[in-house]
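Trainee: Dropping in structure-v2.tsv, with TSV, C-alpha atoms.
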chain	number	residue	atom	x	y	z
N	1	MET	CA	-170.47	249.53	324.11
N	2	ARG	CA	-173.95	249.35	325.55
N	3	LEU	CA	-172.88	246.22	327.42
N	4	PHE	CA	-170.48	248.32	329.48
N	5	PHE	CA	-173.01	250.69	330.99
N	6	HIS	CA	-176.53	249.73	331.98
N	7	LEU	CA	-179.32	251.92	330.65
N	8	PHE	CA	-180.78	252.31	334.15
N	9	SER	CA	-177.55	254.02	335.20
N	10	LEU	CA	-177.89	256.33	332.20
N	11	HIS	CA	-181.48	257.11	333.24
N	12	CYS	CA	-180.23	258.13	336.68
N	13	SER	CA	-177.57	260.34	335.09
N	14	ILE	CA	-180.11	261.96	332.77
N	15	THR	CA	-182.39	262.66	335.74
N	16	ARG	CA	-179.53	264.32	337.60
N	17	SER	CA	-178.42	266.32	334.55
N	18	GLN	CA	-181.95	267.61	334.07
N	19	SER	CA	-181.98	268.88	337.64
N	20	TYR	CA	-178.61	270.62	337.47
N	21	HIS	CA	-180.29	274.03	337.18
N	22	GLN	CA	-182.09	273.40	340.46
N	23	MET	CA	-178.86	272.24	342.11
N	24	ILE	CA	-177.04	275.35	340.95
N	25	SER	CA	-179.87	277.65	342.06
N	26	HIS	CA	-179.58	276.13	345.54
N	27	GLY	CA	-175.85	276.74	345.68
N	28	LEU	CA	-174.83	273.17	344.81
N	29	VAL	CA	-172.72	274.34	341.90
N	30	GLU	CA	-170.08	271.62	341.87
N	31	MET	CA	-172.68	268.88	342.30
N	32	GLY	CA	-174.82	270.30	339.52
N	33	ILE	CA	-171.98	270.63	337.02
N	34	GLY	CA	-170.63	267.25	338.10
N	35	SER	CA	-173.98	265.64	337.34
N	36	ALA	CA	-173.89	267.11	333.86
N	37	MET	CA	-170.39	265.70	333.36
N	38	VAL	CA	-171.51	262.23	334.41
N	39	TYR	CA	-174.38	262.45	331.93
N	40	GLY	CA	-171.93	262.87	329.06
N	41	LEU	CA	-169.81	259.93	330.18
N	42	SER	CA	-172.83	257.70	330.72
N	43	TYR	CA	-174.43	258.58	327.40
N	44	PHE	CA	-171.48	257.31	325.40
N	45	ALA	CA	-170.96	254.22	327.52
N	46	ALA	CA	-174.60	253.19	327.13
N	47	GLY	CA	-174.11	253.00	323.36
N	48	LEU	CA	-176.53	255.76	322.40
N	49	PRO	CA	-176.16	257.74	319.14
N	50	LEU	CA	-173.38	260.32	319.03
N	51	ASN	CA	-175.48	263.04	317.44
N	52	SER	CA	-175.51	266.82	317.36
N	53	ILE	CA	-177.96	266.95	320.27
N	54	LEU	CA	-175.35	265.50	322.62
N	55	ASP	CA	-172.71	267.96	321.41
N	56	LYS	CA	-175.07	270.90	321.93
N	57	LYS	CA	-175.89	269.75	325.46
N	58	LEU	CA	-172.23	269.36	326.34
N	59	ALA	CA	-171.54	272.83	324.89
N	60	VAL	CA	-174.28	274.29	327.13
N	61	TYR	CA	-172.82	272.56	330.18
N	62	GLU	CA	-169.37	273.81	329.19
N	63	ARG	CA	-170.57	277.42	329.03
N	64	SER	CA	-172.33	277.06	332.38
N	65	ALA	CA	-169.21	275.66	334.01
N	66	ASN	CA	-167.17	278.56	332.62
N	67	GLU	CA	-169.65	281.18	333.78
N	68	LEU	CA	-169.71	279.61	337.26
N	69	GLY	CA	-165.93	279.53	337.55
N	70	GLN	CA	-165.63	275.74	337.40
N	71	LYS	CA	-162.56	275.73	335.16
N	72	SER	CA	-161.67	272.08	335.74
N	73	PHE	CA	-165.10	271.01	334.50
N	74	VAL	CA	-164.77	273.25	331.43
N	75	SER	CA	-161.77	271.24	330.28
N	76	VAL	CA	-163.56	267.93	330.86
N	77	PHE	CA	-166.56	269.02	328.79
N	78	GLN	CA	-164.22	270.18	326.03
N	79	ALA	CA	-162.35	266.86	326.13
N	80	SER	CA	-165.69	265.01	326.03
N	81	ARG	CA	-166.71	266.89	322.91
N	82	GLN	CA	-163.34	266.23	321.25
N	83	PHE	CA	-163.62	262.55	322.15
N	84	ILE	CA	-166.95	262.40	320.32
N	85	LEU	CA	-165.52	264.25	317.30
N	86	ASN	CA	-162.72	261.68	317.16
N	87	LEU	CA	-165.20	258.81	317.22
N	88	LEU	CA	-167.10	260.45	314.38
N	89	GLY	CA	-163.91	260.82	312.33
N	90	ARG	CA	-163.88	264.60	312.56
N	91	SER	CA	-160.30	265.05	313.70
N	92	GLU	CA	-156.86	264.58	312.18
N	93	GLY	CA	-155.65	262.02	314.72
N	94	VAL	CA	-158.27	259.65	316.12
N	95	VAL	CA	-156.29	258.81	319.28
N	96	LEU	CA	-155.21	262.40	320.00
N	97	LEU	CA	-157.33	264.95	321.84
N	98	ASN	CA	-156.29	267.73	319.53
N	99	GLY	CA	-158.97	269.40	317.46
N	100	ASP	CA	-161.71	271.99	317.26
N	101	ALA	CA	-163.11	271.35	320.76
N	102	PHE	CA	-160.02	270.61	322.83
N	103	ASN	CA	-156.23	270.60	322.70
N	104	GLU	CA	-154.74	268.39	325.39
N	105	ASP	CA	-151.21	269.81	325.40
N	106	ARG	CA	-152.41	273.40	325.51
N	107	ALA	CA	-154.96	272.69	328.26
N	108	LEU	CA	-152.43	270.86	330.44
N	109	GLY	CA	-149.91	273.65	329.91
N	110	GLN	CA	-152.29	276.21	331.39
N	111	ILE	CA	-152.79	274.53	334.79
N	112	GLU	CA	-150.67	272.94	337.50
N	113	GLY	CA	-150.86	270.94	340.69
N	114	ASN	CA	-153.85	268.75	341.47
N	115	SER	CA	-155.95	270.28	338.68
N	116	LYS	CA	-153.34	269.22	336.15
N	117	ALA	CA	-153.14	265.70	337.58
N	118	MET	CA	-156.92	265.31	337.42
N	119	LEU	CA	-157.16	266.61	333.86
N	120	LEU	CA	-154.33	264.31	332.80
N	121	ARG	CA	-156.29	261.39	334.28
N	122	ASP	CA	-159.49	262.39	332.50
N	123	ALA	CA	-157.81	263.05	329.15
N	124	SER	CA	-155.95	259.75	329.41
N	125	THR	CA	-159.21	257.96	330.16
N	126	PHE	CA	-160.68	259.27	326.92
N	127	ARG	CA	-157.55	258.39	325.00
N	128	VAL	CA	-157.24	254.82	326.29
N	129	GLN	CA	-160.79	254.26	325.08
N	130	LEU	CA	-159.91	255.65	321.65
N	131	ALA	CA	-156.71	253.59	321.53
N	132	TYR	CA	-158.58	250.38	322.29
N	133	ILE	CA	-161.44	251.13	319.91
N	134	PHE	CA	-159.05	251.97	317.05
N	135	ASN	CA	-156.51	249.29	318.02
N	136	ASP	CA	-153.60	251.70	318.46
N	137	LEU	CA	-151.13	249.63	320.50
N	138	ALA	CA	-148.59	252.41	321.02
N	139	THR	CA	-151.20	254.75	322.49
N	140	MET	CA	-152.62	251.94	324.64
N	141	LYS	CA	-149.17	251.49	326.14
N	142	GLU	CA	-148.69	255.23	326.67
N	143	MET	CA	-152.06	255.59	328.39
N	144	ILE	CA	-151.52	252.53	330.59
N	145	GLU	CA	-148.25	254.05	331.80
N	146	ARG	CA	-150.08	257.29	332.59
N	147	LEU	CA	-153.12	255.77	334.26
N	148	LYS	CA	-151.55	253.03	336.34
N	149	ALA	CA	-150.22	255.70	338.71
N	150	TYR	CA	-153.79	256.63	339.73
N	151	PRO	CA	-155.80	254.69	342.34
N	152	LEU	CA	-158.34	252.34	340.78
N	153	PHE	CA	-161.20	253.75	342.85
N	154	ASP	CA	-162.86	257.09	342.18
N	155	LEU	CA	-165.69	258.90	343.95
N	156	ILE	CA	-167.41	259.40	340.58
N	157	THR	CA	-168.52	255.88	339.68
N	158	ALA	CA	-169.17	256.46	335.96
N	159	ARG	CA	-165.70	257.93	335.48
N	160	GLN	CA	-164.11	255.06	337.41
N	161	HIS	CA	-166.07	252.49	335.42
N	162	LEU	CA	-164.90	253.74	332.04
N	163	ARG	CA	-161.31	254.25	333.16
N	164	ILE	CA	-160.71	250.83	334.68
N	165	THR	CA	-162.80	249.00	332.05
N	166	PHE	CA	-160.66	250.19	329.17
N	167	LEU	CA	-157.49	250.13	331.24
N	168	GLY	CA	-158.17	246.44	331.88
N	169	LEU	CA	-159.01	245.71	328.24
N	170	ALA	CA	-155.89	247.51	327.01
N	171	ALA	CA	-153.70	245.80	329.62
N	172	PHE	CA	-154.85	242.35	328.51
N	173	GLU	CA	-154.53	243.26	324.83
N	174	LEU	CA	-150.91	244.35	325.25
N	175	GLY	CA	-150.08	241.76	327.89
N	176	ASN	CA	-151.16	238.90	325.68
N	177	ARG	CA	-149.55	240.30	322.52
N	178	GLU	CA	-146.22	241.04	324.18
N	179	THR	CA	-146.30	238.44	326.98
N	180	ASN	CA	-145.93	241.35	329.37
N	181	LYS	CA	-146.41	240.09	332.92
N	182	GLU	CA	-146.82	243.59	334.37
N	183	TYR	CA	-149.73	244.39	332.06
N	184	LEU	CA	-151.32	240.99	332.62
N	185	LYS	CA	-151.06	241.56	336.38
N	186	LEU	CA	-152.80	244.92	335.99
N	187	GLY	CA	-155.56	243.34	333.91
N	188	LYS	CA	-156.07	240.62	336.51
N	189	SER	CA	-156.27	243.15	339.35
N	190	ILE	CA	-159.00	245.03	337.49
N	191	THR	CA	-160.78	241.74	336.78
N	192	ARG	CA	-160.85	241.05	340.53
N	193	VAL	CA	-162.37	244.48	341.16
N	194	MET	CA	-165.08	243.84	338.57
N	195	LYS	CA	-165.73	240.38	339.99
N	196	LYS	CA	-166.36	241.86	343.44
N	197	LEU	CA	-168.66	244.50	342.00
N	198	ASP	CA	-170.45	241.85	339.95
N	199	LYS	CA	-171.04	239.71	343.04
N	200	GLY	CA	-172.40	242.82	344.73
N	201	GLY	CA	-175.06	243.09	342.02
N	202	SER	CA	-173.59	245.79	339.75
N	203	ALA	CA	-175.31	245.67	336.37
N	204	ASN	CA	-172.41	247.65	334.92
N	205	ALA	CA	-169.67	245.37	336.25
N	206	HIS	CA	-171.15	242.06	335.05
N	207	PRO	CA	-170.52	242.44	331.28
N	208	VAL	CA	-167.10	243.98	331.91
N	209	TYR	CA	-166.11	241.10	334.16
N	210	LEU	CA	-167.17	238.61	331.49
N	211	SER	CA	-165.24	240.53	328.83
N	212	LEU	CA	-162.07	240.65	330.93
N	213	GLU	CA	-162.35	236.96	331.77
N	214	ALA	CA	-162.81	235.92	328.12
The structure given in the file should be rewritten as structure tokens.
Mentor:
Amino acid sequence: MRLFFHLFSLHCSITRSQSYHQMISHGLVEMGIGSAMVYGLSYFAAGLPLNSILDKKLAVYERSANELGQKSFVSVFQASRQFILNLLGRSEGVVLLNGDAFNEDRALGQIEGNSKAMLLRDASTFRVQLAYIFNDLATMKEMIERLKAYPLFDLITARQHLRITFLGLAAFELGNRETNKEYLKLGKSITRVMKKLDKGGSANAHPVYLSLEA
């Protein structure tokens, strides 16, 4: 996994997460909480240990987001924690976000509109990663169908990187197994995006591009 996210990018995320108190104190609440969210995403993608320290940090960020009225971020932190629990084997279904930290169906049932669409995207991004890691073809297919409706590009680079990386990997896995032209087309479109980013000097895109091309 470390190949998919350069450690320098993680360093930048850590620096931003450490300054989130200062951001919040200056009224930059959404930016501060957003930086903390990116830290959690980057930490996993850089291949660092999934230990109790990470869970405690995410729990602190979750409480802060709740206290500051950032409900959409609360759900993302909860989903992040459940994602980690799944990877550690501490949940009943490894490809479901349904456990002690987060329940996807319940969370989605409590919101509507754009907030619901964004949470569905984020939850599906976690689940497509789990599906690929645990080789669950049915869930890969379900998550591809969910995620292909969203634009490839995202203002939050770390979130975009994880989503389209695993979307591309899952699309090629299913496309090659089932000779599914639609999935192969999706995988190729993501490969082209990564190729452009790679040519632009992205340390994160280079290993993904090589993986998708393999």
Trainee: Find the residue from N:Phe126, N:Tyr183, N:Phe172, N:Phe77 that sits nearest to N:Ser211; use all atoms listed in the file when measuring.
Mentor: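 The shortest atom-to-atom distance to N:Ser211 comes from N:Phe172.
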Trainee: Of the candidates N:Ala46, N:Ile33, N:Val193, N:Met140, which shows the shortest atom-to-atom distance to N:Glu62, using all atoms listed in the file?
Mentor: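 Nearest candidate to N:Glu62 out of N:Ala46, N:Ile33, N:Val193, N:Met140: N:Ile33.
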Trainee: Using only C-alpha atoms and a cutoff of 7 Å, can you tell me which residues are near (-177.0, 270.3, 339.3) in the file's coordinates, and write them out as a PyMOL selection string?
Mentor: chain N and resi 16-17+19-24+28-29+31-33+35
Trainee: Which one of N:Leu137, N:Val60, N:Leu212, N:Leu197 sits closest to N:Glu178 if you count all atoms listed in the file?
Mentor: N:Leu137
Trainee: What is the distance between atom CA of N:Gln70 and atom CA of N:Phe166, in Å to one decimal?
Mentor: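 Interatomic distance, atom CA of N:Gln70 to atom CA of N:Phe166: 27.3 Å.
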Trainee: Quick one, how far is atom CA of N:Gln129 from atom CA of N:Asn66?
Mentor: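 These atoms are spaced 26.2 Å apart.
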Trainee: Hey, what's within 12 Å of N:Ala149 if we count only C-alpha atoms and toss same-chain stuff fewer than 4 positions away? As a compact mmCIF listing (two decimals) with C-alpha atoms, keeping the file's coordinate frame, please?
Mentor:
# COMPACT_ATOMS: atom_id res chain seq x y z
CA ALA N 117 -153.14 265.70 337.58
CA MET N 118 -156.92 265.31 337.42
CA LEU N 120 -154.33 264.31 332.80
CA ARG N 121 -156.29 261.39 334.28
CA SER N 124 -155.95 259.75 329.41
CA MET N 143 -152.06 255.59 328.39
CA ILE N 144 -151.52 252.53 330.59
CA GLU N 145 -148.25 254.05 331.80
CA PHE N 153 -161.20 253.75 342.85
CA LEU N 167 -157.49 250.13 331.24
CA LEU N 186 -152.80 244.92 335.99
Trainee: With a distance cut-off of 10 Å and all atoms listed in the file, select the neighbouring residues of N:His161, excluding the residue or stretch itself and same-chain residues fewer than 2 positions from it, and output the selection as an NGL selection string.
Mentor: :N and (4-5 or 41-42 or 45 or 152-154 or 156-159 or 163-167 or 194 or 204-205 or 208)
Trainee: Take the residues from that selection and put them in a file with C-alpha atoms, as a CSV table (one decimal), in the coordinates of the input.
Mentor:
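And here is the file that came out, again36.csv:
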chain,number,residue,atom,x,y,z
N,4,PHE,CA,-170.5,248.3,329.5
N,5,PHE,CA,-173.0,250.7,331.0
N,41,LEU,CA,-169.8,259.9,330.2
N,42,SER,CA,-172.8,257.7,330.7
N,45,ALA,CA,-171.0,254.2,327.5
N,152,LEU,CA,-158.3,252.3,340.8
N,153,PHE,CA,-161.2,253.8,342.8
N,154,ASP,CA,-162.9,257.1,342.2
N,156,ILE,CA,-167.4,259.4,340.6
N,157,THR,CA,-168.5,255.9,339.7
N,158,ALA,CA,-169.2,256.5,336.0
N,159,ARG,CA,-165.7,257.9,335.5
N,163,ARG,CA,-161.3,254.2,333.2
N,164,ILE,CA,-160.7,250.8,334.7
N,165,THR,CA,-162.8,249.0,332.0
N,166,PHE,CA,-160.7,250.2,329.2
N,167,LEU,CA,-157.5,250.1,331.2
N,194,MET,CA,-165.1,243.8,338.6
N,204,ASN,CA,-172.4,247.6,334.9
N,205,ALA,CA,-169.7,245.4,336.2
N,208,VAL,CA,-167.1,244.0,331.9
Trainee: Rounded to one decimal, what separation in Å do you get between atom CA of N:Leu174 and atom CA of N:Lys141?
Mentor: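 If I compute the distance from atom CA of N:Leu174 to atom CA of N:Lys141, I get 7.4 Å.
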Trainee: Which one of N:Asn135, N:Gln110, N:Thr125, N:Ser115 sits closest to N:Ser80 if you count only C-alpha atoms?
Mentor: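 Result for the nearest residue to N:Ser80: N:Thr125.
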Trainee: Within 12 Å of (-174.1, 269.0, 321.5) (file coordinates; all atoms listed in the file), which protein or nucleic acid residues are there? I'd like them as a list in words.
Mentor: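 Every residue inside that radius is included here: Gly40, Tyr43, Pro49, Leu50, Asn51, Ser52, Ile53, Leu54, Asp55, Lys56, Lys57, Leu58, Ala59, Val60, Tyr61, Glu62, Arg63, Phe77, Gln78, Ser80, Arg81, Gln82, Ile84, Leu85 and Ala101 of chain N.
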Trainee: Set up a box along x, y and z of the file covering all listed atoms of stretch 190-199 of chain N, add 3 Å on every one of the six sides, and write the centre and edge lengths in Å to one decimal, as lines of an AutoDock Vina configuration file.
Mentor:
center_x = -165.0
center_y = 242.4
center_z = 340.1
size_x = 18.0
size_y = 11.3
size_z = 12.7
Trainee: Of the residues N:Ser64, N:Gly69, N:Leu210, N:Phe134, which is the one nearest to N:Leu88, using all atoms listed in the file?
Mentor: N:Phe134
Trainee: Between N:Ile133, N:Pro207, N:Glu173, N:Pro151, which has the minimum distance to N:Leu87 (counting all atoms listed in the file)?
Mentor: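 Comparing N:Ile133, N:Pro207, N:Glu173, N:Pro151 against N:Leu87, the winner is N:Ile133.
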Trainee: Can you list, as a list in words, every protein, DNA or RNA residue that comes within 8 Å of N:Ala123 when you count only C-alpha atoms, leaving out same-chain residues fewer than 3 positions away?
Mentor: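 Within the cut-off, the hits are Val76, Ala79, Leu97, Glu104, Leu119, Leu120, Phe126 and Arg127 of chain N.
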Trainee: Pull out stretch 130-141 of chain N, keep all heavy atoms, and write it as an mmCIF file, in the first residue's frame.
Mentor:
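And here's part-v7.cif as it stands now:
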data_model
loop_
_atom_site.group_PDB
_atom_site.id
_atom_site.type_symbol
_atom_site.label_atom_id
_atom_site.label_comp_id
_atom_site.auth_asym_id
_atom_site.auth_seq_id
_atom_site.Cartn_x
_atom_site.Cartn_y
_atom_site.Cartn_z
ATOM 1 N N LEU N 130 -11.755 -2.168 0.549
ATOM 2 C CA LEU N 130 -11.900 -3.425 1.277
ATOM 3 C C LEU N 130 -12.211 -4.582 0.322
ATOM 4 O O LEU N 130 -11.666 -5.684 0.463
ATOM 5 C CB LEU N 130 -13.018 -3.304 2.312
ATOM 6 C CG LEU N 130 -12.743 -2.366 3.490
ATOM 7 C CD1 LEU N 130 -14.032 -2.102 4.275
ATOM 8 C CD2 LEU N 130 -11.675 -2.931 4.414
ATOM 9 N N ALA N 131 -13.081 -4.324 -0.652
ATOM 10 C CA ALA N 131 -13.454 -5.369 -1.599
ATOM 11 C C ALA N 131 -12.251 -5.839 -2.407
ATOM 12 O O ALA N 131 -12.075 -7.047 -2.638
ATOM 13 C CB ALA N 131 -14.547 -4.857 -2.534
ATOM 14 N N TYR N 132 -11.407 -4.881 -2.811
ATOM 15 C CA TYR N 132 -10.233 -5.264 -3.597
ATOM 16 C C TYR N 132 -9.210 -5.992 -2.720
ATOM 17 O O TYR N 132 -8.652 -7.011 -3.122
ATOM 18 C CB TYR N 132 -9.598 -4.034 -4.239
ATOM 19 C CG TYR N 132 -8.481 -4.391 -5.189
ATOM 20 C CD1 TYR N 132 -8.758 -4.840 -6.480
ATOM 21 C CD2 TYR N 132 -7.148 -4.302 -4.799
ATOM 22 C CE1 TYR N 132 -7.740 -5.192 -7.348
ATOM 23 C CE2 TYR N 132 -6.122 -4.661 -5.653
ATOM 24 C CZ TYR N 132 -6.426 -5.101 -6.936
ATOM 25 O OH TYR N 132 -5.414 -5.464 -7.783
ATOM 26 N N ILE N 133 -8.988 -5.482 -1.535
ATOM 27 C CA ILE N 133 -8.014 -6.091 -0.624
ATOM 28 C C ILE N 133 -8.420 -7.519 -0.264
ATOM 29 O O ILE N 133 -7.584 -8.429 -0.238
ATOM 30 C CB ILE N 133 -7.865 -5.233 0.650
ATOM 31 C CG1 ILE N 133 -7.159 -3.909 0.301
ATOM 32 C CG2 ILE N 133 -7.076 -5.982 1.730
ATOM 33 C CD1 ILE N 133 -7.221 -2.879 1.409
ATOM 34 N N PHE N 134 -9.718 -7.739 -0.026
ATOM 35 C CA PHE N 134 -10.199 -9.056 0.381
ATOM 36 C C PHE N 134 -10.769 -9.871 -0.783
ATOM 37 O O PHE N 134 -11.360 -10.925 -0.573
ATOM 38 C CB PHE N 134 -11.242 -8.915 1.493
ATOM 39 C CG PHE N 134 -10.673 -8.408 2.791
ATOM 40 C CD1 PHE N 134 -10.934 -7.116 3.241
ATOM 41 C CD2 PHE N 134 -9.857 -9.216 3.563
ATOM 42 C CE1 PHE N 134 -10.411 -6.645 4.434
ATOM 43 C CE2 PHE N 134 -9.323 -8.750 4.764
ATOM 44 C CZ PHE N 134 -9.588 -7.468 5.199
ATOM 45 N N ASN N 135 -10.590 -9.349 -1.991
ATOM 46 C CA ASN N 135 -10.971 -10.068 -3.219
ATOM 47 C C ASN N 135 -12.440 -10.480 -3.220
ATOM 48 O O ASN N 135 -12.797 -11.612 -3.554
ATOM 49 C CB ASN N 135 -10.082 -11.304 -3.423
ATOM 50 C CG ASN N 135 -10.167 -11.852 -4.843
ATOM 51 O OD1 ASN N 135 -10.331 -11.091 -5.801
ATOM 52 N ND2 ASN N 135 -10.075 -13.159 -4.991
ATOM 53 N N ASP N 136 -13.307 -9.540 -2.854
ATOM 54 C CA ASP N 136 -14.747 -9.775 -2.868
ATOM 55 C C ASP N 136 -15.310 -9.200 -4.175
ATOM 56 O O ASP N 136 -15.559 -7.997 -4.285
ATOM 57 C CB ASP N 136 -15.397 -9.105 -1.648
ATOM 58 C CG ASP N 136 -16.864 -9.442 -1.500
ATOM 59 O OD1 ASP N 136 -17.598 -9.377 -2.501
ATOM 60 O OD2 ASP N 136 -17.288 -9.768 -0.375
ATOM 61 N N LEU N 137 -15.504 -10.061 -5.161
ATOM 62 C CA LEU N 137 -15.889 -9.609 -6.496
ATOM 63 C C LEU N 137 -17.270 -8.973 -6.521
ATOM 64 O O LEU N 137 -17.495 -7.980 -7.218
ATOM 65 C CB LEU N 137 -15.835 -10.782 -7.475
ATOM 66 C CG LEU N 137 -14.474 -11.460 -7.643
ATOM 67 C CD1 LEU N 137 -14.586 -12.606 -8.641
ATOM 68 C CD2 LEU N 137 -13.414 -10.469 -8.095
ATOM 69 N N ALA N 138 -18.206 -9.523 -5.766
ATOM 70 C CA ALA N 138 -19.570 -8.987 -5.748
ATOM 71 C C ALA N 138 -19.594 -7.563 -5.205
ATOM 72 O O ALA N 138 -20.279 -6.686 -5.742
ATOM 73 C CB ALA N 138 -20.479 -9.886 -4.920
ATOM 74 N N THR N 139 -18.828 -7.316 -4.142
ATOM 75 C CA THR N 139 -18.786 -5.965 -3.572
ATOM 76 C C THR N 139 -18.024 -5.013 -4.482
ATOM 77 O O THR N 139 -18.380 -3.835 -4.578
ATOM 78 C CB THR N 139 -18.163 -6.000 -2.167
ATOM 79 O OG1 THR N 139 -18.928 -6.879 -1.340
ATOM 80 C CG2 THR N 139 -18.161 -4.613 -1.533
ATOM 81 N N MET N 140 -16.983 -5.504 -5.145
ATOM 82 C CA MET N 140 -16.287 -4.665 -6.140
ATOM 83 C C MET N 140 -17.287 -4.157 -7.172
ATOM 84 O O MET N 140 -17.318 -2.971 -7.508
ATOM 85 C CB MET N 140 -15.191 -5.456 -6.854
ATOM 86 C CG MET N 140 -13.900 -5.615 -6.105
ATOM 87 S SD MET N 140 -12.641 -6.332 -7.213
ATOM 88 C CE MET N 140 -11.984 -7.622 -6.152
ATOM 89 N N LYS N 141 -18.101 -5.073 -7.681
ATOM 90 C CA LYS N 141 -19.077 -4.702 -8.707
ATOM 91 C C LYS N 141 -20.080 -3.691 -8.161
ATOM 92 O O LYS N 141 -20.406 -2.690 -8.824
ATOM 93 C CB LYS N 141 -19.794 -5.951 -9.206
ATOM 94 C CG LYS N 141 -20.803 -5.679 -10.318
ATOM 95 C CD LYS N 141 -21.443 -6.964 -10.835
ATOM 96 C CE LYS N 141 -20.422 -7.806 -11.579
ATOM 97 N NZ LYS N 141 -21.064 -8.976 -12.256
#
